[in-house]
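What follows is the content of query28.cif (mmCIF, C-alpha atoms and all ligand atoms).
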```cif
data_coords
#
loop_
_atom_site.label_atom_id
_atom_site.label_comp_id
_atom_site.auth_asym_id
_atom_site.auth_seq_id
_atom_site.Cartn_x
_atom_site.Cartn_y
_atom_site.Cartn_z
CA MET A 1 15.77 94.57 26.15
CA ASN A 2 14.66 91.81 23.75
CA ALA A 3 11.69 89.49 24.13
CA SER A 4 13.77 86.49 25.23
CA ASP A 5 15.36 88.50 28.10
CA LEU A 6 11.89 89.61 29.19
CA THR A 7 10.53 86.05 29.20
CA ALA A 8 13.63 84.24 30.55
CA GLY A 9 12.61 81.44 32.91
CA PHE A 10 9.46 80.52 30.98
CA ASN A 11 9.36 77.65 28.52
CA ARG A 12 5.90 78.39 27.12
CA GLY A 13 4.29 81.38 25.53
CA VAL A 14 0.71 82.35 24.69
CA ARG A 15 -1.20 83.16 21.55
CA ILE A 16 -4.57 84.73 20.92
CA ALA A 17 -6.44 81.88 19.23
CA GLY A 18 -9.66 83.84 18.71
CA THR A 19 -11.57 86.96 19.67
CA GLY A 20 -15.20 88.03 19.79
CA SER A 21 -17.26 90.98 20.94
CA ALA A 22 -20.87 91.98 21.40
CA VAL A 23 -22.89 95.15 21.88
CA PRO A 24 -26.66 95.52 22.26
CA ASP A 25 -28.68 96.78 19.26
CA ARG A 26 -30.29 99.65 21.17
CA VAL A 27 -28.51 102.96 20.46
CA LEU A 28 -28.60 105.80 23.00
CA SER A 29 -27.39 108.92 21.22
CA ASN A 30 -26.35 112.24 22.71
CA HIS A 31 -29.57 113.67 21.24
CA ASP A 32 -31.58 111.04 23.13
CA LEU A 33 -29.78 112.02 26.36
CA ALA A 34 -30.46 115.71 25.70
CA LYS A 35 -34.19 114.87 25.79
CA MET A 36 -33.76 113.15 29.18
CA MET A 37 -31.50 115.65 31.01
CA ASP A 38 -29.90 119.09 30.80
CA THR A 39 -27.09 118.33 28.36
CA SER A 40 -26.31 118.67 24.65
CA ASP A 41 -24.70 116.74 21.84
CA GLU A 42 -22.15 119.54 21.48
CA TRP A 43 -21.09 119.46 25.17
CA ILE A 44 -20.74 115.67 25.22
CA GLN A 45 -18.80 115.50 21.94
CA GLN A 46 -16.47 118.32 22.94
CA ARG A 47 -15.69 116.97 26.41
CA THR A 48 -15.59 113.24 25.65
CA GLY A 49 -15.62 112.51 21.90
CA ILE A 50 -18.76 110.36 22.37
CA ARG A 51 -21.66 110.55 19.89
CA GLU A 52 -23.62 107.49 20.96
CA ARG A 53 -23.45 104.35 23.07
CA ARG A 54 -25.27 101.01 23.11
CA ILE A 55 -27.44 99.96 26.02
CA CYS A 56 -29.11 96.68 26.94
CA ASP A 57 -32.85 96.17 27.03
CA PRO A 58 -33.47 94.26 30.28
CA GLU A 59 -37.03 93.49 29.18
CA LYS A 60 -35.56 91.35 26.41
CA GLY A 61 -33.29 89.56 28.89
CA GLU A 62 -30.24 91.54 27.78
CA GLY A 63 -27.52 92.09 30.38
CA THR A 64 -24.05 91.03 31.43
CA LEU A 65 -24.46 87.27 31.05
CA TRP A 66 -26.23 87.71 27.72
CA LEU A 67 -23.51 89.97 26.29
CA SER A 68 -20.74 87.75 27.69
CA GLU A 69 -22.21 84.66 26.09
CA GLN A 70 -22.41 86.26 22.65
CA ALA A 71 -18.84 87.60 22.77
CA ALA A 72 -17.44 84.33 24.14
CA ALA A 73 -19.28 82.19 21.57
CA LEU A 74 -17.81 84.35 18.78
CA ALA A 75 -14.30 84.08 20.27
CA LEU A 76 -14.59 80.28 20.45
CA GLU A 77 -15.92 80.13 16.88
CA ASP A 78 -13.05 82.36 15.71
CA ALA A 79 -10.60 79.97 17.40
CA GLY A 80 -12.32 76.94 15.85
CA LEU A 81 -13.00 75.58 19.35
CA THR A 82 -15.94 74.75 21.61
CA GLY A 83 -16.46 75.39 25.30
CA ALA A 84 -15.27 71.86 26.05
CA ASP A 85 -11.79 72.79 24.81
CA VAL A 86 -11.00 75.39 27.50
CA ASP A 87 -9.73 74.67 31.02
CA LEU A 88 -10.65 78.00 32.61
CA VAL A 89 -13.23 80.77 32.11
CA ILE A 90 -12.60 84.23 33.58
CA VAL A 91 -15.17 87.02 33.37
CA ALA A 92 -14.16 90.53 34.39
CA THR A 93 -17.13 92.66 35.33
CA VAL A 94 -18.56 95.03 37.92
CA THR A 95 -22.13 94.43 36.74
CA MET A 96 -22.59 90.74 37.50
CA GLU A 97 -26.30 89.95 37.79
CA MET A 98 -25.51 87.67 40.74
CA THR A 99 -22.43 87.48 42.92
CA CYS A 100 -23.09 83.78 43.47
CA PRO A 101 -22.76 81.93 41.22
CA SER A 102 -20.21 83.92 39.29
CA THR A 103 -21.04 85.10 35.78
CA ALA A 104 -18.13 82.93 34.61
CA ALA A 105 -19.64 79.76 36.13
CA ARG A 106 -23.00 80.41 34.47
CA LEU A 107 -21.27 81.29 31.20
CA ALA A 108 -19.16 78.11 31.33
CA GLY A 109 -22.36 76.12 31.92
CA LYS A 110 -24.00 77.70 28.86
CA LEU A 111 -20.96 77.10 26.65
CA GLY A 112 -20.47 73.47 27.71
CA ALA A 113 -17.13 74.38 29.29
CA THR A 114 -17.41 71.72 32.00
CA PRO A 115 -15.45 71.03 34.21
CA ALA A 116 -13.37 74.11 33.40
CA GLY A 117 -12.65 76.34 36.37
CA ALA A 118 -14.66 79.56 36.37
CA PHE A 119 -14.56 82.79 38.33
CA ASP A 120 -15.24 86.51 38.05
CA ILE A 121 -12.79 89.29 38.75
CA THR A 122 -13.59 92.93 39.40
CA ALA A 123 -11.07 95.54 38.36
CA ALA A 124 -13.56 98.00 36.83
CA CYS A 125 -12.34 99.37 33.48
CA CYS A 126 -9.08 97.41 33.90
CA GLY A 127 -11.00 94.13 34.09
CA PHE A 128 -10.10 92.82 30.63
CA MET A 129 -6.44 93.73 31.16
CA TYR A 130 -6.33 92.01 34.56
CA ALA A 131 -7.93 88.89 33.01
CA LEU A 132 -5.55 88.95 30.03
CA ASN A 133 -2.41 89.28 32.15
CA LEU A 134 -3.56 86.70 34.68
CA ALA A 135 -4.51 84.20 31.98
CA ASP A 136 -1.17 84.72 30.22
CA SER A 137 0.67 83.97 33.48
CA LEU A 138 -1.39 80.84 34.25
CA ILE A 139 -0.73 79.46 30.78
CA ARG A 140 2.98 80.36 30.89
CA VAL A 141 3.57 78.44 34.12
CA GLY A 142 1.65 75.44 32.80
CA ARG A 143 -1.41 75.63 35.06
CA ALA A 144 -3.74 75.87 32.06
CA ASN A 145 -3.53 75.32 28.31
CA ARG A 146 -6.52 77.29 27.08
CA ILE A 147 -8.34 80.07 28.86
CA LEU A 148 -11.45 81.93 27.75
CA ILE A 149 -11.50 85.49 29.03
CA VAL A 150 -14.36 87.98 28.82
CA GLY A 151 -14.49 91.65 29.82
CA CYS A 152 -18.09 92.75 30.05
CA ASP A 153 -20.02 95.53 31.68
CA CYS A 154 -23.68 96.40 31.34
CA MET A 155 -23.09 99.91 32.64
CA SER A 156 -26.68 100.96 31.92
CA SER A 157 -27.73 98.74 34.85
CA ILE A 158 -25.76 100.89 37.32
CA ILE A 159 -26.36 104.34 35.83
CA ASP A 160 -28.72 106.92 37.27
CA TYR A 161 -30.12 108.55 34.11
CA ASP A 162 -31.40 111.48 36.16
CA ASP A 163 -27.78 112.57 36.56
CA ARG A 164 -25.85 114.14 33.69
CA SER A 165 -22.35 114.04 35.14
CA VAL A 166 -21.82 110.26 34.88
CA SER A 167 -24.53 108.85 32.59
CA ILE A 168 -23.30 110.49 29.39
CA LEU A 169 -20.01 108.57 29.46
CA PHE A 170 -20.99 104.93 29.64
CA GLY A 171 -22.29 102.18 27.36
CA ASP A 172 -22.64 98.39 27.41
CA ALA A 173 -20.30 95.92 25.65
CA ALA A 174 -18.39 92.67 25.95
CA GLY A 175 -15.04 91.63 24.49
CA SER A 176 -13.62 88.12 24.66
CA ALA A 177 -10.47 86.21 23.74
CA VAL A 178 -9.36 82.60 23.75
CA LEU A 179 -5.74 82.32 24.87
CA GLU A 180 -3.73 79.22 24.11
CA ALA A 181 -0.31 77.81 25.03
CA VAL A 182 2.47 77.81 22.41
CA ASP A 183 6.04 76.50 22.66
CA ASP A 184 7.67 79.89 22.03
CA PRO A 185 7.99 81.83 25.34
CA THR A 186 8.63 85.08 23.49
CA ARG A 187 4.97 85.12 22.33
CA GLY A 188 2.19 86.54 24.50
CA SER A 189 2.52 89.14 27.23
CA VAL A 190 6.27 89.80 27.29
CA TYR A 191 5.82 92.71 29.69
CA GLN A 192 2.86 93.41 31.93
CA SER A 193 1.80 95.52 34.87
CA LEU A 194 -1.19 95.21 37.21
CA GLN A 195 -1.42 98.07 39.69
CA ALA A 196 -3.82 99.81 42.04
CA ASP A 197 -4.05 102.59 44.57
CA GLY A 198 -7.06 101.87 46.77
CA ARG A 199 -6.78 105.23 48.47
CA GLY A 200 -8.46 106.75 45.42
CA TRP A 201 -11.65 104.62 45.70
CA PRO A 202 -14.04 107.57 46.34
CA SER A 203 -13.36 108.88 42.82
CA LEU A 204 -15.34 106.03 41.24
CA TYR A 205 -17.59 103.77 43.28
CA ILE A 206 -20.99 102.13 43.65
CA PRO A 207 -22.32 102.44 47.21
CA ARG A 208 -25.04 99.93 48.11
CA GLU A 209 -25.92 101.68 51.40
CA ALA A 210 -25.79 105.23 52.71
CA SER A 211 -23.03 104.25 55.18
CA GLN A 212 -20.70 103.56 52.22
CA ILE A 213 -20.93 107.08 50.80
CA ALA A 214 -17.53 108.75 50.75
CA ALA A 215 -16.86 111.81 52.92
CA GLY A 216 -17.79 114.96 51.02
CA ASP A 217 -20.09 113.04 48.62
CA GLU A 218 -23.16 113.10 50.90
CA ASP A 219 -25.02 115.69 48.81
CA ASN A 220 -24.54 113.82 45.54
CA PRO A 221 -28.09 113.15 44.27
CA ILE A 222 -27.12 109.92 42.44
CA LYS A 223 -29.29 107.07 43.74
CA LEU A 224 -27.78 104.28 45.86
CA GLY A 225 -26.66 101.26 43.85
CA ASN A 226 -25.53 103.47 40.98
CA LEU A 227 -22.10 104.57 39.87
CA ARG A 228 -20.69 107.78 41.35
CA MET A 229 -17.70 109.50 39.86
CA ASN A 230 -15.60 112.53 40.58
CA GLY A 231 -14.93 113.26 36.91
CA ARG A 232 -12.22 115.85 37.45
CA GLU A 233 -10.29 113.61 39.89
CA VAL A 234 -10.54 110.61 37.56
CA TYR A 235 -9.45 112.78 34.65
CA LYS A 236 -6.31 113.97 36.50
CA PHE A 237 -5.52 110.45 37.66
CA ALA A 238 -6.10 109.06 34.18
CA VAL A 239 -3.91 111.52 32.34
CA THR A 240 -0.94 110.92 34.64
CA ARG A 241 -1.28 107.17 35.38
CA PHE A 242 -2.27 106.18 31.87
CA GLN A 243 0.73 107.95 30.39
CA ARG A 244 3.02 106.63 33.16
CA ALA A 245 1.85 103.06 32.41
CA ILE A 246 2.68 103.47 28.72
CA LYS A 247 6.05 105.11 29.48
CA ASP A 248 6.94 102.31 31.91
CA ALA A 249 6.21 99.76 29.20
CA PHE A 250 8.50 101.64 26.78
CA GLU A 251 11.26 101.83 29.38
CA LYS A 252 11.01 98.21 30.57
CA THR A 253 10.90 96.73 27.05
CA GLY A 254 13.29 99.21 25.45
CA LEU A 255 10.78 99.59 22.61
CA GLU A 256 10.04 102.94 20.95
CA PRO A 257 6.49 104.05 20.04
CA ASP A 258 7.01 103.42 16.32
CA GLU A 259 8.14 99.82 16.97
CA PHE A 260 4.57 98.90 17.99
CA GLY A 261 2.00 97.62 15.50
CA ALA A 262 -1.01 98.84 17.48
CA PHE A 263 -2.06 100.60 20.67
CA ILE A 264 -5.27 99.41 22.29
CA CYS A 265 -6.28 101.89 24.96
CA HIS A 266 -9.25 101.77 27.30
CA GLN A 267 -11.88 104.08 25.80
CA SER A 268 -12.69 106.42 28.67
CA ASN A 269 -12.57 109.84 27.05
CA ALA A 270 -11.16 110.75 23.63
CA ARG A 271 -9.30 113.68 25.24
CA ILE A 272 -7.39 111.32 27.56
CA ILE A 273 -6.27 109.21 24.58
CA GLU A 274 -5.41 112.33 22.52
CA SER A 275 -3.29 113.67 25.36
CA ALA A 276 -1.29 110.39 25.49
CA VAL A 277 -0.83 110.43 21.71
CA GLU A 278 0.48 113.99 21.85
CA LYS A 279 2.66 113.78 24.97
CA LEU A 280 4.19 110.38 24.24
CA GLY A 281 4.46 110.74 20.48
CA LEU A 282 2.31 107.69 19.74
CA PRO A 283 1.72 107.12 16.03
CA ASP A 284 -1.84 108.40 15.60
CA GLU A 285 -2.84 105.88 12.92
CA LYS A 286 -1.96 102.95 15.20
CA VAL A 287 -4.10 104.16 18.11
CA TYR A 288 -7.62 102.79 17.84
CA VAL A 289 -10.56 104.93 18.92
CA ASN A 290 -14.18 103.73 18.90
CA ILE A 291 -15.48 105.76 21.86
CA ASP A 292 -17.54 107.92 19.46
CA ARG A 293 -19.80 104.89 18.79
CA TYR A 294 -19.74 102.94 22.06
CA GLY A 295 -18.83 105.35 24.86
CA ASN A 296 -16.92 103.94 27.81
CA SER A 297 -17.93 100.29 28.22
CA SER A 298 -15.70 99.73 31.27
CA ALA A 299 -14.39 96.12 31.30
CA GLY A 300 -15.84 95.62 27.80
CA SER A 301 -13.77 98.36 26.22
CA VAL A 302 -10.31 96.87 25.60
CA GLY A 303 -11.68 93.48 24.45
CA LEU A 304 -14.14 95.21 22.11
CA CYS A 305 -11.30 97.23 20.55
CA LEU A 306 -9.07 94.16 20.28
CA ASP A 307 -11.75 92.19 18.44
CA GLN A 308 -12.74 95.04 16.12
CA MET A 309 -9.11 95.79 15.27
CA ARG A 310 -8.25 92.12 14.63
CA LYS A 311 -11.28 91.59 12.41
CA ALA A 312 -10.54 94.82 10.49
CA GLY A 313 -6.93 93.72 9.90
CA ARG A 314 -5.68 96.74 11.87
CA ILE A 315 -3.24 94.81 14.04
CA ASP A 316 0.19 94.39 12.49
CA GLU A 317 1.06 91.06 14.11
CA SER A 318 4.70 91.26 13.06
CA LYS A 319 5.10 93.95 15.74
CA PRO A 320 4.09 94.05 19.42
CA THR A 321 0.73 95.45 20.50
CA MET A 322 0.43 97.68 23.58
CA LEU A 323 -2.76 97.25 25.62
CA VAL A 324 -3.44 99.68 28.46
CA ALA A 325 -6.29 100.63 30.79
CA PHE A 326 -7.14 102.45 34.01
CA GLY A 327 -10.27 102.55 36.11
CA GLY A 328 -12.04 102.34 39.44
CA GLY A 329 -10.08 101.09 42.39
CA MET A 330 -8.17 103.06 41.29
CA THR A 331 -6.51 100.50 39.04
CA TRP A 332 -4.25 100.61 36.02
CA ALA A 333 -2.69 97.89 33.90
CA SER A 334 -0.72 97.34 30.73
CA SER A 335 0.53 94.53 28.54
CA VAL A 336 3.02 94.40 25.69
CA TRP A 337 1.83 91.51 23.56
CA ARG A 338 3.96 89.71 20.96
CA HIS A 339 1.73 87.79 18.54
O1 LIG B 401 -12.97 104.61 32.82
C1 LIG B 401 -12.76 105.59 33.81
C2 LIG B 401 -14.03 106.36 33.89
N1 LIG B 401 -14.07 107.76 33.93
C3 LIG B 401 -13.36 108.69 33.22
O2 LIG B 401 -12.44 108.45 32.52
C4 LIG B 401 -13.85 110.09 33.38
C5 LIG B 401 -12.77 111.11 33.40
N2 LIG B 401 -13.37 112.44 33.45
C6 LIG B 401 -13.93 113.02 32.37
O3 LIG B 401 -13.95 112.43 31.30
C7 LIG B 401 -14.47 114.41 32.52
O4 LIG B 401 -14.19 114.89 33.82
C8 LIG B 401 -15.99 114.51 32.25
C9 LIG B 401 -16.30 114.26 30.79
C10 LIG B 401 -16.78 113.49 33.08
C11 LIG B 401 -16.50 115.90 32.60
O5 LIG B 401 -15.78 116.87 31.85
P1 LIG B 401 -15.09 118.11 32.57
O6 LIG B 401 -14.50 118.92 31.51
O7 LIG B 401 -14.19 117.59 33.64
O8 LIG B 401 -16.34 118.85 33.18
P2 LIG B 401 -16.61 119.27 34.69
O9 LIG B 401 -17.06 118.10 35.50
O10 LIG B 401 -15.44 120.07 35.16
O11 LIG B 401 -17.84 120.24 34.49
C12 LIG B 401 -17.74 121.46 33.75
C13 LIG B 401 -19.13 122.06 33.65
C14 LIG B 401 -19.85 122.16 34.99
O12 LIG B 401 -20.58 123.35 34.99
P3 LIG B 401 -20.01 124.65 35.74
O13 LIG B 401 -19.84 124.23 37.17
O14 LIG B 401 -18.71 124.96 35.06
O15 LIG B 401 -21.08 125.66 35.50
C15 LIG B 401 -20.80 120.99 35.00
O16 LIG B 401 -21.93 121.20 35.80
O17 LIG B 401 -19.97 121.24 32.83
C16 LIG B 401 -21.19 120.91 33.54
N3 LIG B 401 -21.60 119.57 33.12
C17 LIG B 401 -22.36 119.36 32.05
N4 LIG B 401 -22.91 120.20 31.14
C18 LIG B 401 -23.62 119.64 30.15
C19 LIG B 401 -21.28 118.38 33.69
N5 LIG B 401 -21.84 117.39 32.98
C20 LIG B 401 -22.52 117.96 31.97
C21 LIG B 401 -23.27 117.45 30.91
N6 LIG B 401 -23.80 118.33 30.02
N7 LIG B 401 -23.49 116.12 30.72
#
```

For this file, write the structure as structure tokens.
Ligand code: UT7
Amino acid sequence: MNASDLTAGFNRGVRIAGTGSAVPDRVLSNHDLAKMMDTSDEWIQQRTGIRERRICDPEKGEGTLWLSEQAAALALEDAGLTGADVDLVIVATVTMEMTCPSTAARLAGKLGATPAGAFDITAACCGFMYALNLADSLIRVGRANRILIVGCDCMSSIIDYDDRSVSILFGDAAGSAVLEAVDDPTRGSVYQSLQADGRGWPSLYIPREASQIAAGDEDNPIKLGNLRMNGREVYKFAVTRFQRAIKDAFEKTGLEPDEFGAFICHQSNARIIESAVEKLGLPDEKVYVNIDRYGNSSAGSVGLCLDQMRKAGRIDESKPTMLVAFGGGMTWASSVWRH
């Protein structure tokens, strides 16, 4: 199917006018973790591909809003715009410092994006993808002309560093993009999926109270308010759903793996990405991997990759880009983006 069949019925498309990303300076290496808990650099690298991750220093005021502001400011600068030029700000996060007001409202206030609409969404590691697809749709139907999206998680604020099963995976990061209307409807997200299966929630969740602890998870020593994960369950889910999401995108667009210019995959575990590359025959050199340096930054991950790839000239814009993620919920999402 060609791009005009996929976007029939729309008379506008979307372009990425700018991107930005931010990570804290503080590095938490596998060797640092091995001093804090019973783990090793070798185990972590072998099972996940991670060498180090970045974490915020709350004493310096670093956190979700702080990271979001830096990434968003860079995206606006890249687009040659200011906050006043956008009509909507969406922040995807599970680590908002406050639920009211939203991180997006505070961010919009800091950026001078008034009276742009502003709200947060939570879709865990799929957050950036949900924001991207939603923003594309709002622009396409003419409800907005320019939308600033941010995917940001300060995972270190919800990690119990006494526990080795979850803490080794995650890091803090933000990725942002400014999306803008264009006349050509075949540009932007020409195919997208946003999906969830809430029955799988106990695999990845943050209970605030003891009554929210999932059946069978009562003996888990992770402190309340911190992220709990059934790694094996998430791994099984990820390998199947992640690959299914990519296959669906191939089938629905009629595009073959080598017709894509880049694959931007949520960085959850290098083995999950490697398995997709192998099983689906993705061209290795077009699949970006930065998990070795940043770990899994949840909603920050896809936006961080997008910005790093764009700035490094690693996105062939003459071809579509595939963006894909999965995460807590359980959620999964994809987008085939024509530049
Ligand atoms: O964005 C979505 C977020 N989450 C994910 O994508 C996570 C998906 N899951 C995974 O990536 C993997 O399940 C993990 C990396 C989390 C764990 O790897 P695994 O190969 O599934 O290990 P496992 O949980 O099956 O544990 C194997 C062994 C266990 O010991 P025994 O029972 O075999 O003696 C664990 O106790 O490894 C032990 N173990 C560790 N050892 C050293 C668990 N965590 C650690 C650790 N260091 N950090």

Long-range neighbours of Ala249 of chain A as a PyMOL selection string, 8 Å cut-off, only C-alpha atoms, 2 positions minimum in chain:
chain A and resi 191-192+245-247+251-253+334-336

Within 8 Å of ligand LIG 401 (chain B) (counting all atoms listed in the file), which residues show up? I'd like them as an MDAnalysis selection string.
chainID A and resid 38:40 43:44 47:48 124:125 164:169 204 229:236 238 266:269 271:272 296 298 326:328

Hey, can you spit out that residue selection with C-alpha atoms as an mmCIF file, keeping the file's coordinate frame?
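Written output follows (selection.cif):
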```
data_model
loop_
_atom_site.group_PDB
_atom_site.id
_atom_site.type_symbol
_atom_site.label_atom_id
_atom_site.label_comp_id
_atom_site.auth_asym_id
_atom_site.auth_seq_id
_atom_site.Cartn_x
_atom_site.Cartn_y
_atom_site.Cartn_z
ATOM 1 C CA ASP A 38 -29.900 119.090 30.800
ATOM 2 C CA THR A 39 -27.090 118.330 28.360
ATOM 3 C CA SER A 40 -26.310 118.670 24.650
ATOM 4 C CA TRP A 43 -21.090 119.460 25.170
ATOM 5 C CA ILE A 44 -20.740 115.670 25.220
ATOM 6 C CA ARG A 47 -15.690 116.970 26.410
ATOM 7 C CA THR A 48 -15.590 113.240 25.650
ATOM 8 C CA ALA A 124 -13.560 98.000 36.830
ATOM 9 C CA CYS A 125 -12.340 99.370 33.480
ATOM 10 C CA ARG A 164 -25.850 114.140 33.690
ATOM 11 C CA SER A 165 -22.350 114.040 35.140
ATOM 12 C CA VAL A 166 -21.820 110.260 34.880
ATOM 13 C CA SER A 167 -24.530 108.850 32.590
ATOM 14 C CA ILE A 168 -23.300 110.490 29.390
ATOM 15 C CA LEU A 169 -20.010 108.570 29.460
ATOM 16 C CA LEU A 204 -15.340 106.030 41.240
ATOM 17 C CA MET A 229 -17.700 109.500 39.860
ATOM 18 C CA ASN A 230 -15.600 112.530 40.580
ATOM 19 C CA GLY A 231 -14.930 113.260 36.910
ATOM 20 C CA ARG A 232 -12.220 115.850 37.450
ATOM 21 C CA GLU A 233 -10.290 113.610 39.890
ATOM 22 C CA VAL A 234 -10.540 110.610 37.560
ATOM 23 C CA TYR A 235 -9.450 112.780 34.650
ATOM 24 C CA LYS A 236 -6.310 113.970 36.500
ATOM 25 C CA ALA A 238 -6.100 109.060 34.180
ATOM 26 C CA HIS A 266 -9.250 101.770 27.300
ATOM 27 C CA GLN A 267 -11.880 104.080 25.800
ATOM 28 C CA SER A 268 -12.690 106.420 28.670
ATOM 29 C CA ASN A 269 -12.570 109.840 27.050
ATOM 30 C CA ARG A 271 -9.300 113.680 25.240
ATOM 31 C CA ILE A 272 -7.390 111.320 27.560
ATOM 32 C CA ASN A 296 -16.920 103.940 27.810
ATOM 33 C CA SER A 298 -15.700 99.730 31.270
ATOM 34 C CA PHE A 326 -7.140 102.450 34.010
ATOM 35 C CA GLY A 327 -10.270 102.550 36.110
ATOM 36 C CA GLY A 328 -12.040 102.340 39.440
#
```

Protein and nucleic acid residues near (-7.7, 85.2, 19.8) (cut-off 9 Å, only C-alpha atoms) as a PyMOL selection string:
chain A and resi 15-20+75-76+78-79+176-180+307+310

Using only C-alpha atoms, determine which residues lie at most 12 Å from Arg140 of chain A, disregarding the query and same-chain residues fewer than 3 positions distant; provide the list as a PyMOL selection string.
chain A and resi 7-15+133-137+143-147+179-190

Give me a file of those residues, with C-alpha atoms, as a PDB file, in the frame of the given file.
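For reference, result.pdb as written:
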```pdb
ATOM      1  CA  THR A   7      10.530  86.050  29.200  1.00  0.00           C
ATOM      2  CA  ALA A   8      13.630  84.240  30.550  1.00  0.00           C
ATOM      3  CA  GLY A   9      12.610  81.440  32.910  1.00  0.00           C
ATOM      4  CA  PHE A  10       9.460  80.520  30.980  1.00  0.00           C
ATOM      5  CA  ASN A  11       9.360  77.650  28.520  1.00  0.00           C
ATOM      6  CA  ARG A  12       5.900  78.390  27.120  1.00  0.00           C
ATOM      7  CA  GLY A  13       4.290  81.380  25.530  1.00  0.00           C
ATOM      8  CA  VAL A  14       0.710  82.350  24.690  1.00  0.00           C
ATOM      9  CA  ARG A  15      -1.200  83.160  21.550  1.00  0.00           C
ATOM     10  CA  ASN A 133      -2.410  89.280  32.150  1.00  0.00           C
ATOM     11  CA  LEU A 134      -3.560  86.700  34.680  1.00  0.00           C
ATOM     12  CA  ALA A 135      -4.510  84.200  31.980  1.00  0.00           C
ATOM     13  CA  ASP A 136      -1.170  84.720  30.220  1.00  0.00           C
ATOM     14  CA  SER A 137       0.670  83.970  33.480  1.00  0.00           C
ATOM     15  CA  ARG A 143      -1.410  75.630  35.060  1.00  0.00           C
ATOM     16  CA  ALA A 144      -3.740  75.870  32.060  1.00  0.00           C
ATOM     17  CA  ASN A 145      -3.530  75.320  28.310  1.00  0.00           C
ATOM     18  CA  ARG A 146      -6.520  77.290  27.080  1.00  0.00           C
ATOM     19  CA  ILE A 147      -8.340  80.070  28.860  1.00  0.00           C
ATOM     20  CA  LEU A 179      -5.740  82.320  24.870  1.00  0.00           C
ATOM     21  CA  GLU A 180      -3.730  79.220  24.110  1.00  0.00           C
ATOM     22  CA  ALA A 181      -0.310  77.810  25.030  1.00  0.00           C
ATOM     23  CA  VAL A 182       2.470  77.810  22.410  1.00  0.00           C
ATOM     24  CA  ASP A 183       6.040  76.500  22.660  1.00  0.00           C
ATOM     25  CA  ASP A 184       7.670  79.890  22.030  1.00  0.00           C
ATOM     26  CA  PRO A 185       7.990  81.830  25.340  1.00  0.00           C
ATOM     27  CA  THR A 186       8.630  85.080  23.490  1.00  0.00           C
ATOM     28  CA  ARG A 187       4.970  85.120  22.330  1.00  0.00           C
ATOM     29  CA  GLY A 188       2.190  86.540  24.500  1.00  0.00           C
ATOM     30  CA  SER A 189       2.520  89.140  27.230  1.00  0.00           C
ATOM     31  CA  VAL A 190       6.270  89.800  27.290  1.00  0.00           C
TER      32      VAL A 190
END
```

If you count only C-alpha atoms, which residues fall within 12 Å of Leu306 of chain A, apart from same-chain ones fewer than 5 positions away, as a VMD selection string?
chain A and resid 16 18 to 21 75 128 to 129 132 150 to 151 174 to 177 262 to 267 287 to 290 300 to 301 311 to 315 321 to 324 337

Pick the closest to Glu52 of chain A from A:Lys35, A:Lys279, A:Lys286, A:Arg293: which is it, counting only C-alpha atoms?
A:Arg293

Which residue of A:Cys126, A:Pro320, A:Lys223, A:Glu69 approaches Phe260 of chain A most closely, using all atoms listed in the file
A:Pro320

Would you list the contacts of Cys152 of chain A as a ChimeraX atom specification, taking every protein, DNA or RNA residue within 9 Å and counting only C-alpha atoms, but skipping same-chain residues closer than 3 positions in sequence?
/A:64-65,67-68,71,91-96,127-128,172-176,297-301,303

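Proximity to Leu280 of chain A was assessed for A:Ala116, A:Leu304, A:Leu6, A:Val239 counting all atoms listed in the file; the smallest distance is recorded for A:Val239.
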
Could you give me, as a list in words, the residues within 9 Å of Ser318 of chain A, counting only C-alpha atoms and dropping anything in the same chain fewer than 4 positions from it?
Gly261, Arg338 and His339 of chain A

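Shortest atom-to-atom contact with Gly83 of chain A among A:Gly254, A:Pro221, A:Gly171, A:Gly109: A:Gly109, counting all atoms listed in the file.
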
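Of the residues under consideration (A:Ile273, A:Ala333, A:Ile291, A:Ile90), A:Ala333 shows the shortest atom-to-atom contact distance to Ser193 of chain A when counting only C-alpha atoms.
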
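One distance worth recording is that between atom CA of Gly329 of chain A and atom CA of Val302 of chain A, which is 17.3 Å.
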
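In this structure, atom CA of Gln70 of chain A sits 8.9 Å away from atom CA of Val23 of chain A.
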
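Take atom CA of Arg54 of chain A and atom CA of Leu33 of chain A: the distance between them is 12.3 Å.
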